[in-house]
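K.L.:
My structure is stored as coords27.cif, with mmCIF, C-alpha atoms and all ligand atoms.
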```
data_my_file
loop_
_atom_site.label_atom_id
_atom_site.label_comp_id
_atom_site.auth_asym_id
_atom_site.auth_seq_id
_atom_site.Cartn_x
_atom_site.Cartn_y
_atom_site.Cartn_z
CA MET A 1 24.33 -43.82 66.74
CA GLN A 2 21.33 -41.52 66.97
CA GLN A 3 18.29 -43.04 68.68
CA VAL A 4 15.06 -42.40 66.80
CA GLN A 5 12.14 -41.98 69.15
CA ARG A 6 9.10 -43.98 68.12
CA ASP A 7 5.68 -42.61 69.01
CA GLU A 8 3.29 -45.19 70.42
CA PRO A 9 -0.50 -44.97 70.50
CA GLN A 10 -2.36 -44.83 73.82
CA ASP A 11 -3.15 -48.16 75.43
CA PHE A 12 -6.74 -49.08 76.33
CA GLU A 13 -6.10 -49.92 79.99
CA ARG A 14 -7.93 -46.87 81.34
CA VAL A 15 -10.16 -45.99 78.38
CA LEU A 16 -13.81 -45.93 79.48
CA SER A 17 -14.98 -43.17 77.14
CA SER A 18 -14.48 -44.52 73.63
CA MET A 19 -16.91 -46.25 71.31
CA CYS A 20 -13.94 -47.85 69.56
CA THR A 21 -11.83 -50.74 70.81
CA PRO A 22 -8.67 -52.63 69.73
CA PRO A 23 -9.32 -54.61 66.55
CA HIS A 24 -9.70 -58.38 66.73
CA PRO A 25 -6.26 -59.96 65.91
CA GLN A 26 -7.54 -61.28 62.57
CA ALA A 27 -8.97 -57.85 61.74
CA ARG A 28 -5.63 -56.23 62.50
CA GLU A 29 -3.82 -58.71 60.26
CA ALA A 30 -6.32 -58.22 57.41
CA ALA A 31 -6.05 -54.42 57.71
CA GLU A 32 -2.28 -54.59 57.32
CA ARG A 33 -2.53 -56.92 54.32
CA PHE A 34 -5.04 -54.69 52.53
CA LEU A 35 -3.42 -51.33 53.33
CA ALA A 36 -2.66 -50.56 49.69
CA THR A 37 -6.10 -51.25 48.28
CA ASN A 38 -8.86 -48.86 47.28
CA PRO A 39 -12.44 -50.11 46.94
CA GLY A 40 -13.23 -46.68 45.48
CA ASP A 41 -11.81 -48.04 42.23
CA PRO A 42 -13.46 -51.46 41.95
CA GLY A 43 -12.21 -52.18 38.43
CA THR A 44 -8.59 -52.07 39.62
CA TYR A 45 -8.93 -53.37 43.20
CA ARG A 46 -11.07 -56.41 42.58
CA THR A 47 -10.33 -58.57 45.62
CA VAL A 48 -11.23 -55.87 48.10
CA THR A 49 -14.36 -55.07 46.08
CA ALA A 50 -15.48 -58.69 46.44
CA LEU A 51 -14.71 -58.46 50.16
CA GLU A 52 -16.87 -55.36 50.46
CA ARG A 53 -19.81 -57.31 49.02
CA LYS A 54 -19.15 -59.97 51.66
CA ALA A 55 -19.09 -57.34 54.41
CA VAL A 56 -22.46 -55.99 53.28
CA GLU A 57 -23.90 -59.54 53.18
CA THR A 58 -22.88 -60.16 56.79
CA LEU A 59 -24.09 -56.75 57.95
CA GLY A 60 -27.38 -57.67 56.27
CA GLN A 61 -27.55 -60.88 58.34
CA ILE A 62 -26.84 -58.93 61.53
CA ALA A 63 -29.61 -56.40 60.74
CA SER A 64 -32.03 -59.03 59.31
CA LEU A 65 -32.01 -57.60 55.78
CA PRO A 66 -32.21 -60.22 53.01
CA ASP A 67 -30.48 -59.13 49.77
CA PRO A 68 -28.78 -56.20 51.47
CA GLU A 69 -27.42 -53.20 49.59
CA GLY A 70 -24.86 -50.80 51.02
CA TYR A 71 -21.16 -50.19 51.47
CA ILE A 72 -18.40 -49.77 54.03
CA THR A 73 -18.17 -46.09 54.91
CA GLY A 74 -15.50 -44.13 56.73
CA GLY A 75 -17.69 -44.33 59.85
CA GLY A 76 -21.10 -43.57 61.28
CA THR A 77 -20.85 -39.93 60.30
CA GLU A 78 -20.48 -40.72 56.61
CA ALA A 79 -23.27 -43.30 56.75
CA ASN A 80 -25.65 -40.81 58.39
CA ILE A 81 -24.76 -38.04 55.94
CA GLN A 82 -25.35 -40.41 53.02
CA ALA A 83 -28.71 -41.55 54.43
CA VAL A 84 -29.87 -37.94 54.63
CA ARG A 85 -28.45 -37.25 51.17
CA LEU A 86 -30.30 -40.11 49.52
CA ALA A 87 -33.56 -39.17 51.26
CA ARG A 88 -33.17 -35.59 50.08
CA ASN A 89 -32.29 -36.59 46.50
CA ARG A 90 -35.23 -38.94 46.28
CA ALA A 91 -37.82 -36.42 47.47
CA ASP A 92 -39.57 -33.80 45.40
CA THR A 93 -39.24 -30.66 47.51
CA ASP A 94 -37.09 -27.51 47.50
CA THR A 95 -37.32 -27.17 51.28
CA PRO A 96 -36.52 -30.63 52.68
CA ASN A 97 -36.43 -31.37 56.40
CA VAL A 98 -35.29 -34.32 58.51
CA VAL A 99 -36.99 -35.11 61.82
CA ALA A 100 -34.89 -36.71 64.57
CA PRO A 101 -34.93 -36.98 68.36
CA ARG A 102 -32.71 -34.58 70.31
CA SER A 103 -30.59 -37.58 71.23
CA ALA A 104 -29.48 -38.08 67.60
CA HIS A 105 -25.73 -37.97 67.02
CA PHE A 106 -24.23 -34.62 65.99
CA SER A 107 -23.37 -36.08 62.58
CA PHE A 108 -26.97 -35.23 61.58
CA ARG A 109 -26.14 -31.58 62.20
CA LYS A 110 -23.23 -31.91 59.81
CA ALA A 111 -25.51 -33.61 57.28
CA ALA A 112 -28.10 -30.84 57.55
CA GLU A 113 -25.51 -28.11 57.08
CA LEU A 114 -23.75 -29.80 54.17
CA LEU A 115 -26.92 -30.79 52.36
CA ASP A 116 -28.96 -27.67 53.04
CA VAL A 117 -31.65 -29.70 54.79
CA GLU A 118 -33.48 -28.42 57.86
CA LEU A 119 -32.90 -30.61 60.92
CA ARG A 120 -35.89 -30.65 63.28
CA THR A 121 -35.29 -32.24 66.65
CA ALA A 122 -38.00 -33.53 68.96
CA PRO A 123 -37.90 -33.88 72.76
CA THR A 124 -37.06 -37.15 74.47
CA THR A 125 -38.55 -38.82 77.53
CA ASP A 126 -36.10 -40.87 79.56
CA HIS A 127 -33.63 -40.06 76.77
CA ARG A 128 -35.78 -41.87 74.19
CA ALA A 129 -37.57 -40.27 71.20
CA GLU A 130 -41.10 -39.07 71.98
CA VAL A 131 -43.28 -40.45 69.21
CA ASP A 132 -45.83 -37.61 69.54
CA GLY A 133 -43.07 -35.04 69.49
CA ILE A 134 -41.64 -36.53 66.29
CA ALA A 135 -45.14 -36.70 64.72
CA GLU A 136 -45.72 -33.00 65.42
CA LEU A 137 -42.63 -31.99 63.46
CA ILE A 138 -43.40 -34.05 60.34
CA ASP A 139 -44.91 -32.21 57.37
CA PRO A 140 -45.10 -32.71 53.57
CA ASP A 141 -41.46 -31.56 53.21
CA THR A 142 -40.14 -34.23 55.59
CA VAL A 143 -37.79 -36.48 53.64
CA CYS A 144 -36.51 -38.66 56.48
CA VAL A 145 -37.41 -39.67 60.03
CA VAL A 146 -34.46 -40.77 62.14
CA GLY A 147 -34.53 -43.26 65.03
CA VAL A 148 -31.52 -44.13 67.19
CA ALA A 149 -30.87 -47.72 68.23
CA GLY A 150 -28.23 -47.32 70.92
CA SER A 151 -27.82 -43.61 71.58
CA THR A 152 -24.37 -42.13 71.94
CA GLU A 153 -24.89 -40.52 75.32
CA TYR A 154 -27.22 -42.93 77.16
CA GLY A 155 -27.20 -46.13 75.09
CA VAL A 156 -31.00 -46.27 74.75
CA VAL A 157 -33.13 -47.51 71.87
CA ASP A 158 -35.91 -45.40 70.32
CA PRO A 159 -39.34 -46.91 69.52
CA ILE A 160 -38.26 -47.80 65.98
CA PRO A 161 -41.50 -49.48 64.70
CA GLU A 162 -43.57 -46.41 65.70
CA LEU A 163 -41.11 -44.01 64.07
CA ALA A 164 -40.96 -46.13 60.90
CA GLU A 165 -44.74 -46.07 60.71
CA LEU A 166 -44.77 -42.28 61.00
CA ALA A 167 -42.22 -42.05 58.19
CA ASP A 168 -44.21 -44.46 56.04
CA ASP A 169 -47.45 -42.50 56.55
CA ALA A 170 -45.67 -39.28 55.55
CA GLY A 171 -44.06 -40.80 52.43
CA ALA A 172 -40.65 -40.16 54.00
CA LEU A 173 -37.77 -42.58 54.50
CA CYS A 174 -36.96 -44.10 57.89
CA HIS A 175 -33.28 -44.17 58.83
CA VAL A 176 -32.05 -46.03 61.92
CA ASP A 177 -28.73 -45.07 63.46
CA ALA A 178 -27.36 -48.25 65.03
CA ALA A 179 -23.74 -47.17 64.53
CA TRP A 180 -22.76 -48.25 68.04
CA GLY A 181 -25.65 -50.52 69.11
CA GLY A 182 -25.90 -52.63 65.95
CA PHE A 183 -23.46 -55.33 67.04
CA TYR A 184 -25.09 -55.69 70.50
CA LEU A 185 -28.77 -55.44 69.57
CA PRO A 186 -29.19 -58.83 67.80
CA PHE A 187 -28.78 -60.45 71.23
CA THR A 188 -31.49 -58.35 72.90
CA ASP A 189 -35.29 -58.17 72.72
CA HIS A 190 -35.28 -54.69 71.21
CA GLU A 191 -37.12 -53.96 67.97
CA TRP A 192 -34.54 -52.18 65.88
CA ASP A 193 -33.83 -53.95 62.56
CA PHE A 194 -35.31 -54.49 59.08
CA SER A 195 -37.44 -57.43 60.27
CA ASP A 196 -39.07 -55.34 63.00
CA ALA A 197 -40.18 -52.33 60.96
CA PRO A 198 -40.28 -50.85 57.42
CA ILE A 199 -36.83 -49.29 57.75
CA ASP A 200 -35.21 -47.91 54.59
CA THR A 201 -31.61 -47.30 55.62
CA LEU A 202 -29.47 -48.19 58.63
CA THR A 203 -26.05 -47.24 59.99
CA ILE A 204 -24.05 -50.04 61.65
CA ASP A 205 -20.33 -49.64 62.26
CA PRO A 206 -17.86 -52.55 62.26
CA HIS A 207 -15.17 -50.21 63.71
CA LYS A 208 -17.07 -49.81 66.97
CA VAL A 209 -18.46 -52.91 68.72
CA GLY A 210 -17.72 -54.95 65.58
CA GLN A 211 -13.99 -54.89 66.45
CA ALA A 212 -12.76 -53.98 62.96
CA ALA A 213 -9.90 -51.56 62.40
CA ILE A 214 -10.79 -47.90 61.81
CA PRO A 215 -12.11 -46.81 59.30
CA ALA A 216 -15.02 -49.21 58.84
CA GLY A 217 -18.53 -47.83 59.16
CA GLY A 218 -21.54 -49.37 57.47
CA LEU A 219 -24.53 -48.10 55.52
CA LEU A 220 -27.30 -50.55 54.60
CA ALA A 221 -30.24 -49.83 52.31
CA ARG A 222 -33.40 -51.84 51.79
CA ASP A 223 -33.00 -51.85 47.99
CA ARG A 224 -30.73 -50.73 45.21
CA THR A 225 -32.97 -47.91 43.97
CA LEU A 226 -32.32 -46.06 47.22
CA LEU A 227 -28.55 -46.20 46.74
CA ASP A 228 -28.95 -45.17 43.10
CA GLU A 229 -30.03 -41.78 44.45
CA LEU A 230 -26.37 -41.31 45.41
CA ALA A 231 -24.83 -42.28 42.06
CA ILE A 232 -22.39 -39.89 40.39
CA ASP A 233 -20.86 -40.65 36.95
CA THR A 234 -17.16 -41.56 37.05
CA PRO A 235 -15.87 -41.05 33.50
CA TYR A 236 -12.19 -42.02 33.95
CA LEU A 237 -12.69 -45.14 36.10
CA GLU A 238 -13.53 -48.58 34.75
CA SER A 239 -16.77 -48.50 36.75
CA ALA A 240 -19.47 -46.16 35.44
CA SER A 241 -20.63 -44.52 38.65
CA GLN A 242 -19.92 -44.15 42.35
CA ILE A 243 -22.35 -43.98 45.26
CA THR A 244 -19.84 -43.30 48.05
CA LEU A 245 -19.10 -39.91 49.57
CA THR A 246 -15.34 -40.30 49.47
CA GLY A 247 -13.42 -41.33 46.34
CA THR A 248 -10.30 -43.20 47.35
CA ARG A 249 -11.08 -45.05 50.57
CA SER A 250 -9.62 -47.61 52.90
CA GLY A 251 -9.50 -51.22 51.75
CA ALA A 252 -7.92 -51.94 55.15
CA GLY A 253 -11.20 -51.01 56.82
CA VAL A 254 -13.19 -53.23 54.46
CA ALA A 255 -10.91 -56.27 54.80
CA SER A 256 -10.71 -55.94 58.56
CA ALA A 257 -14.51 -55.68 58.82
CA VAL A 258 -14.85 -58.98 56.96
CA ALA A 259 -12.15 -60.64 59.08
CA ALA A 260 -13.70 -59.44 62.35
CA MET A 261 -17.20 -60.54 61.38
CA ASP A 262 -15.91 -63.91 60.07
CA ALA A 263 -14.27 -64.47 63.43
CA LEU A 264 -17.06 -63.22 65.68
CA TRP A 265 -20.51 -63.35 64.04
CA PRO A 266 -22.63 -64.57 65.69
CA ARG A 267 -21.15 -66.50 68.65
CA GLY A 268 -18.25 -64.20 69.49
CA TYR A 269 -20.42 -61.09 69.42
CA ALA A 270 -23.07 -62.79 71.56
CA GLU A 271 -20.43 -63.64 74.16
CA GLU A 272 -19.07 -60.08 74.05
CA TYR A 273 -22.57 -58.73 74.56
CA GLU A 274 -23.18 -60.97 77.61
CA ARG A 275 -19.85 -60.03 79.16
CA ALA A 276 -20.21 -56.30 78.46
CA MET A 277 -23.75 -56.26 79.84
CA GLU A 278 -22.71 -58.10 83.01
CA ASN A 279 -19.91 -55.58 83.50
CA ALA A 280 -22.24 -52.64 82.90
CA GLU A 281 -24.81 -54.00 85.38
CA TRP A 282 -22.13 -54.66 87.97
CA LEU A 283 -20.77 -51.13 87.54
CA ALA A 284 -24.25 -49.60 87.75
CA ASP A 285 -24.99 -51.53 90.97
CA SER A 286 -21.66 -50.51 92.50
CA LEU A 287 -22.13 -46.83 91.65
CA ASP A 288 -25.68 -47.02 92.97
CA ALA A 289 -24.32 -48.46 96.22
CA HIS A 290 -22.02 -45.41 96.41
CA GLY A 291 -25.17 -43.26 96.36
CA HIS A 292 -25.01 -42.13 92.74
CA GLU A 293 -28.06 -41.85 90.53
CA ILE A 294 -27.76 -44.11 87.47
CA VAL A 295 -29.22 -44.17 83.97
CA GLY A 296 -29.18 -47.61 82.35
CA PRO A 297 -27.76 -49.87 81.39
CA GLU A 298 -30.16 -50.68 78.57
CA LEU A 299 -27.14 -51.56 76.44
CA PRO A 300 -23.60 -51.74 77.90
CA LEU A 301 -23.30 -48.03 78.68
CA VAL A 302 -23.68 -46.55 82.17
CA VAL A 303 -24.39 -42.93 83.06
CA ALA A 304 -23.99 -41.72 86.67
CA ASP A 305 -24.49 -38.34 88.31
CA LEU A 306 -20.90 -37.90 89.50
CA SER A 307 -19.90 -34.31 90.13
CA VAL A 308 -17.79 -32.56 87.54
CA PRO A 309 -14.78 -32.13 89.94
CA MET A 310 -14.95 -35.85 90.66
CA THR A 311 -14.90 -36.64 86.93
CA ASP A 312 -12.00 -34.22 86.44
CA GLU A 313 -10.09 -35.91 89.27
CA LEU A 314 -10.58 -39.30 87.61
CA ARG A 315 -9.23 -37.85 84.40
CA ASP A 316 -6.18 -36.51 86.25
CA ARG A 317 -5.60 -40.07 87.45
CA GLY A 318 -5.37 -41.24 83.87
CA TRP A 319 -8.92 -42.48 83.38
CA ARG A 320 -10.40 -41.57 80.03
CA VAL A 321 -14.02 -40.87 80.92
CA SER A 322 -16.51 -38.65 79.15
CA LYS A 323 -19.47 -36.55 80.19
CA THR A 324 -22.98 -36.29 78.80
CA GLY A 325 -24.25 -32.90 77.61
CA SER A 326 -25.73 -32.47 81.12
CA GLY A 327 -22.38 -33.14 82.80
CA GLU A 328 -23.00 -36.71 84.02
CA LEU A 329 -20.26 -39.33 83.91
CA ARG A 330 -20.60 -41.67 80.92
CA ILE A 331 -18.88 -45.07 80.79
CA VAL A 332 -18.97 -47.23 77.68
CA CYS A 333 -18.40 -50.94 78.34
CA MET A 334 -16.60 -51.83 75.13
CA PRO A 335 -14.95 -55.23 74.56
CA HIS A 336 -11.63 -54.02 76.04
CA VAL A 337 -13.30 -53.00 79.33
CA THR A 338 -12.78 -55.77 81.88
CA ARG A 339 -14.12 -56.33 85.39
CA SER A 340 -10.67 -55.79 86.90
CA MET A 341 -10.39 -52.48 85.07
CA LEU A 342 -13.74 -51.40 86.50
CA ARG A 343 -12.67 -52.56 89.98
CA SER A 344 -9.59 -50.37 89.88
CA PHE A 345 -11.70 -47.49 88.56
CA LEU A 346 -14.02 -47.85 91.56
CA ALA A 347 -11.04 -48.07 93.89
CA ASP A 348 -9.97 -44.65 92.61
CA LEU A 349 -13.50 -43.41 93.24
CA GLU A 350 -13.35 -44.63 96.86
CA TRP A 351 -10.42 -42.36 97.36
CA TYR A 352 -12.52 -39.30 96.57
C1 LIG B 1 -25.08 -43.42 67.41
C2 LIG B 1 -23.89 -42.87 66.68
N1 LIG B 1 -24.02 -42.49 65.40
C3 LIG B 1 -22.98 -42.01 64.70
C4 LIG B 1 -21.73 -41.89 65.25
C5 LIG B 1 -20.59 -41.33 64.46
O1 LIG B 1 -19.70 -42.34 64.13
P1 LIG B 1 -18.21 -42.03 63.64
O2 LIG B 1 -17.54 -41.36 64.78
O3 LIG B 1 -17.69 -43.39 63.30
O4 LIG B 1 -18.30 -41.15 62.44
C6 LIG B 1 -21.54 -42.25 66.60
C7 LIG B 1 -20.24 -42.12 67.23
O5 LIG B 1 -20.03 -42.40 68.38
C8 LIG B 1 -22.65 -42.77 67.32
O6 LIG B 1 -22.55 -43.13 68.61
#
```
Represent the supplied structure as C-alpha cells.
Ligand SMILES: Cc1ncc(COP(=O)(O)O)c(C=O)c1O

P.N.:
Amino acid sequence: MQQVQRDEPQDFERVLSSMCTPPHPQAREAAERFLATNPGDPGTYRTVTALERKAVETLGQIASLPDPEGYITGGGTEANIQAVRLARNRADTDTPNVVAPRSAHFSFRKAAELLDVELRTAPTTDHRAEVDGIAELIDPDTVCVVGVAGSTEYGVVDPIPELAELADDAGALCHVDAAWGGFYLPFTDHEWDFSDAPIDTLTIDPHKVGQAAIPAGGLLARDRTLLDELAIDTPYLESASQITLTGTRSGAGVASAVAAMDALWPRGYAEEYERAMENAEWLADSLDAHGHEIVGPELPLVVADLSVPMTDELRDRGWRVSKTGSGELRIVCMPHVTRSMLRSFLADLEWY
C-alpha cells in the first residue's frame, strides 16, 4: 500500500522570533468546532456572531473600555488599516495624513498606500515616540495620531496620554497599536488604555499573547459612530451593512479568541506576564554578563547587540531568531518560551 506523507507544522521548541504562540488547548478545540462558520454573514451564522460580541466585551475589559465597540479582525494589520480608514473617512480633507513614530509597525505603510493617506513618521528617543517630533508633523490635514503600546522591534510603550492630547487638540483621532502588548500591559504600570487617555481606537490581538488560534486580531473603538465610518451596504445579506475589511472571515478565530480569554483572563494572563517577564529579565542579565549591550526588557522582549554572523550561526543551529532593522538580535518571550529553552539557547551561544 502506498504511504501518504503527511506534512507537519514546525514545532515551537526553538522559536524565539515569533509574536504568535501555540493556542491554548480550549482555543484549539473551539477553533476546530467553529471551522465552518462565517461571522461575515451574521444573519446565517448566529452563534459565532454572538461569540464575537462576547470577544469584544472581554477585549473591552482588558483595555478598560466600557461599552466597547469593535470586531475580530484577521490580525493587527487589518485592525490598523481599518483604524486609518475610519479616521480618513471621518475627516473633511482631500489630503489626509497620519502621524506615527518611526517605530510603528509596517502595516501603517500598507494602510497609507491602500487608502491614499500620507504617512508622516517622527523620530524616536530610546525607541519611543518623541512627543515634540510628533507635534511638529501635525497639521490641519492630520486625521490620526498613532501611538504604539509594545513596539514590534523593541517592545517599548510610547507616551500615550501625551500623544492622545496632541490628537485631541488637532481634532484628529488617536489610535493605539497594542497588537502585541495588549495582553501583557494590564499587569504593568504603563499608561496605554482607554482609562488612561482619550483614545479613539485600539488594536489588540488575541492571536498573539492572547493565545487564540490564528486568525484573531482585534479592533476596538470608543463608540459606534466611529465604526459607522466603515459601513458598506450589503444588499444580498440579511444584515444591512458591513464594517469589516474582509467579507467571509474566520469563525474559528472568533470562537478561539473567546475560549482563550474565558480560560485566561485575567489570572492566566497575569501569570503568563510574570513568567515571561522573569524569563526576559533573566535572559537580559545573562546576555549582559556575556558582554552584550541590551535594550529592555520593558515588556517581555529582549534586544541584544549580537553580531550578524553570530545570529546567522544560531539560525543554522535551528534557532528561529530575528533581527531589528539595525541588525541587533531580537528575542520575544512568548508563552511557549521556557527557561530551559533559553538555557539551551545560551549554551549554543557559549560555543561561539
Ligand atoms: C505592534 C504590531 N502591530 C501590528 C502587527 C501586525 O499584526 P499581524 O501580523 O497580526 O497582522 C504586529 C505584528 O507583529 C505588531 O507587532

K.L.:
Pick out the closest residue to Leu230 (chain A) from this set: A:Gln242, A:Ala135, A:Glu29, A:Ala270. Count only C-alpha atoms.

P.N.:
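Looking at the shortest contact to Leu230 (chain A), the residue is A:Gln242.
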
K.L.:
Counting all atoms listed in the file, which residues in chain A sit no more than 6 Å from ligand LIG 1 (chain B)? For each one, give the nearest pair of atoms and the distance in Å, sorted by chain then residue number, as a tab-separated table.

P.N.:
```
residue	atom	partner	partner_atom	distance
A:Met19	CA	B:LIG1	O5	5.8
A:Gly75	CA	B:LIG1	O3	3.6
A:Gly76	CA	B:LIG1	O1	3.4
A:Thr77	CA	B:LIG1	O4	3.5
A:His105	CA	B:LIG1	N1	5.1
A:Ser151	CA	B:LIG1	C1	5.0
A:Thr152	CA	B:LIG1	O6	3.9
A:Asp177	CA	B:LIG1	C1	5.6
A:Ala178	CA	B:LIG1	C1	5.8
A:Ala179	CA	B:LIG1	N1	4.8
A:Trp180	CA	B:LIG1	O6	5.2
```

K.L.:
Within 9 Å of region 187-189 of chain A, counting only C-alpha atoms, which residues qualify if same-chain residues fewer than 3 places away don't, as a PyMOL selection string?

P.N.:
chain A and resi 183-184+269-270+273-274+299

K.L.:
Please produce an output containing C-alpha atoms for each residue in the selection, written as a PDB file, in the coordinates of the input.

P.N.:
```pdb
ATOM      1  CA  PHE A 183     -23.460 -55.330  67.040  1.00  0.00           C
ATOM      2  CA  TYR A 184     -25.090 -55.690  70.500  1.00  0.00           C
ATOM      3  CA  TYR A 269     -20.420 -61.090  69.420  1.00  0.00           C
ATOM      4  CA  ALA A 270     -23.070 -62.790  71.560  1.00  0.00           C
ATOM      5  CA  TYR A 273     -22.570 -58.730  74.560  1.00  0.00           C
ATOM      6  CA  GLU A 274     -23.180 -60.970  77.610  1.00  0.00           C
ATOM      7  CA  LEU A 299     -27.140 -51.560  76.440  1.00  0.00           C
TER       8      LEU A 299
END
```

K.L.:
Any idea what the distance is between CA of Leu16 (chain A) and CA of Tyr154 (chain A)?

P.N.:
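CA of Tyr154 (chain A) lies 13.9 Å from CA of Leu16 (chain A).
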
K.L.:
Can you tell me which residues surround Ala104 (chain A) at a distance of at most 8 Å, considering only C-alpha atoms, apart from same-chain residues fewer than 2 positions away, and format the answer as JSON, numbers by chain?

P.N.:
{"A": [100, 101, 102, 106, 108, 146, 147, 148, 151, 152]}

K.L.:
Would you mind completing region 53-78 of chain A so that it carries N, CA and C atoms, and writing it out as a short mmCIF file (atom, residue, chain, number, x, y, z; two decimals), in the frame of the given file?

P.N.:
```cif
data_model
loop_
_atom_site.label_atom_id
_atom_site.label_comp_id
_atom_site.auth_asym_id
_atom_site.auth_seq_id
_atom_site.Cartn_x
_atom_site.Cartn_y
_atom_site.Cartn_z
N ARG A 53 -18.50 -56.67 49.22
CA ARG A 53 -19.81 -57.31 49.02
C ARG A 53 -20.09 -58.29 50.18
N LYS A 54 -19.01 -59.01 50.56
CA LYS A 54 -19.15 -59.97 51.66
C LYS A 54 -19.48 -59.25 52.98
N ALA A 55 -18.83 -58.12 53.18
CA ALA A 55 -19.09 -57.34 54.41
C ALA A 55 -20.55 -56.91 54.46
N VAL A 56 -21.07 -56.45 53.33
CA VAL A 56 -22.46 -55.99 53.28
C VAL A 56 -23.41 -57.17 53.53
N GLU A 57 -23.07 -58.34 52.95
CA GLU A 57 -23.90 -59.54 53.18
C GLU A 57 -24.00 -59.85 54.67
N THR A 58 -22.86 -59.82 55.35
CA THR A 58 -22.88 -60.16 56.79
C THR A 58 -23.59 -59.08 57.59
N LEU A 59 -23.36 -57.81 57.25
CA LEU A 59 -24.09 -56.75 57.95
C LEU A 59 -25.60 -56.94 57.75
N GLY A 60 -25.97 -57.39 56.54
CA GLY A 60 -27.38 -57.67 56.27
C GLY A 60 -27.92 -58.76 57.19
N GLN A 61 -27.11 -59.81 57.41
CA GLN A 61 -27.55 -60.88 58.34
C GLN A 61 -27.73 -60.32 59.75
N ILE A 62 -26.80 -59.47 60.16
CA ILE A 62 -26.84 -58.93 61.53
C ILE A 62 -28.10 -58.06 61.71
N ALA A 63 -28.46 -57.32 60.65
CA ALA A 63 -29.61 -56.40 60.74
C ALA A 63 -30.87 -57.00 60.10
N SER A 64 -30.86 -58.31 59.87
CA SER A 64 -32.03 -59.03 59.31
C SER A 64 -32.54 -58.41 58.01
N LEU A 65 -31.62 -58.15 57.09
CA LEU A 65 -32.01 -57.60 55.78
C LEU A 65 -31.59 -58.59 54.69
N PRO A 66 -32.57 -59.32 54.10
CA PRO A 66 -32.21 -60.22 53.01
C PRO A 66 -31.83 -59.38 51.79
N ASP A 67 -30.95 -59.86 50.96
CA ASP A 67 -30.48 -59.13 49.77
C ASP A 67 -30.04 -57.70 50.10
N PRO A 68 -29.13 -57.55 51.04
CA PRO A 68 -28.78 -56.20 51.47
C PRO A 68 -28.01 -55.41 50.41
N GLU A 69 -28.22 -54.12 50.39
CA GLU A 69 -27.42 -53.20 49.59
C GLU A 69 -26.69 -52.29 50.57
N GLY A 70 -25.56 -51.73 50.14
CA GLY A 70 -24.86 -50.80 51.02
C GLY A 70 -23.38 -50.80 50.73
N TYR A 71 -22.63 -50.18 51.62
CA TYR A 71 -21.16 -50.19 51.47
C TYR A 71 -20.49 -49.87 52.81
N ILE A 72 -19.17 -50.06 52.82
CA ILE A 72 -18.40 -49.77 54.03
C ILE A 72 -17.94 -48.31 53.96
N THR A 73 -18.44 -47.53 54.89
CA THR A 73 -18.17 -46.09 54.91
C THR A 73 -16.94 -45.80 55.77
N GLY A 74 -16.60 -44.53 55.84
CA GLY A 74 -15.50 -44.13 56.73
C GLY A 74 -15.92 -44.16 58.19
N GLY A 75 -17.20 -44.29 58.47
CA GLY A 75 -17.69 -44.33 59.85
C GLY A 75 -19.16 -43.99 59.90
N GLY A 76 -19.68 -43.86 61.11
CA GLY A 76 -21.10 -43.57 61.28
C GLY A 76 -21.47 -42.20 60.73
N THR A 77 -20.56 -41.28 60.81
CA THR A 77 -20.85 -39.93 60.30
C THR A 77 -21.13 -39.98 58.81
N GLU A 78 -20.26 -40.64 58.06
CA GLU A 78 -20.48 -40.72 56.61
C GLU A 78 -21.79 -41.46 56.30
#
```
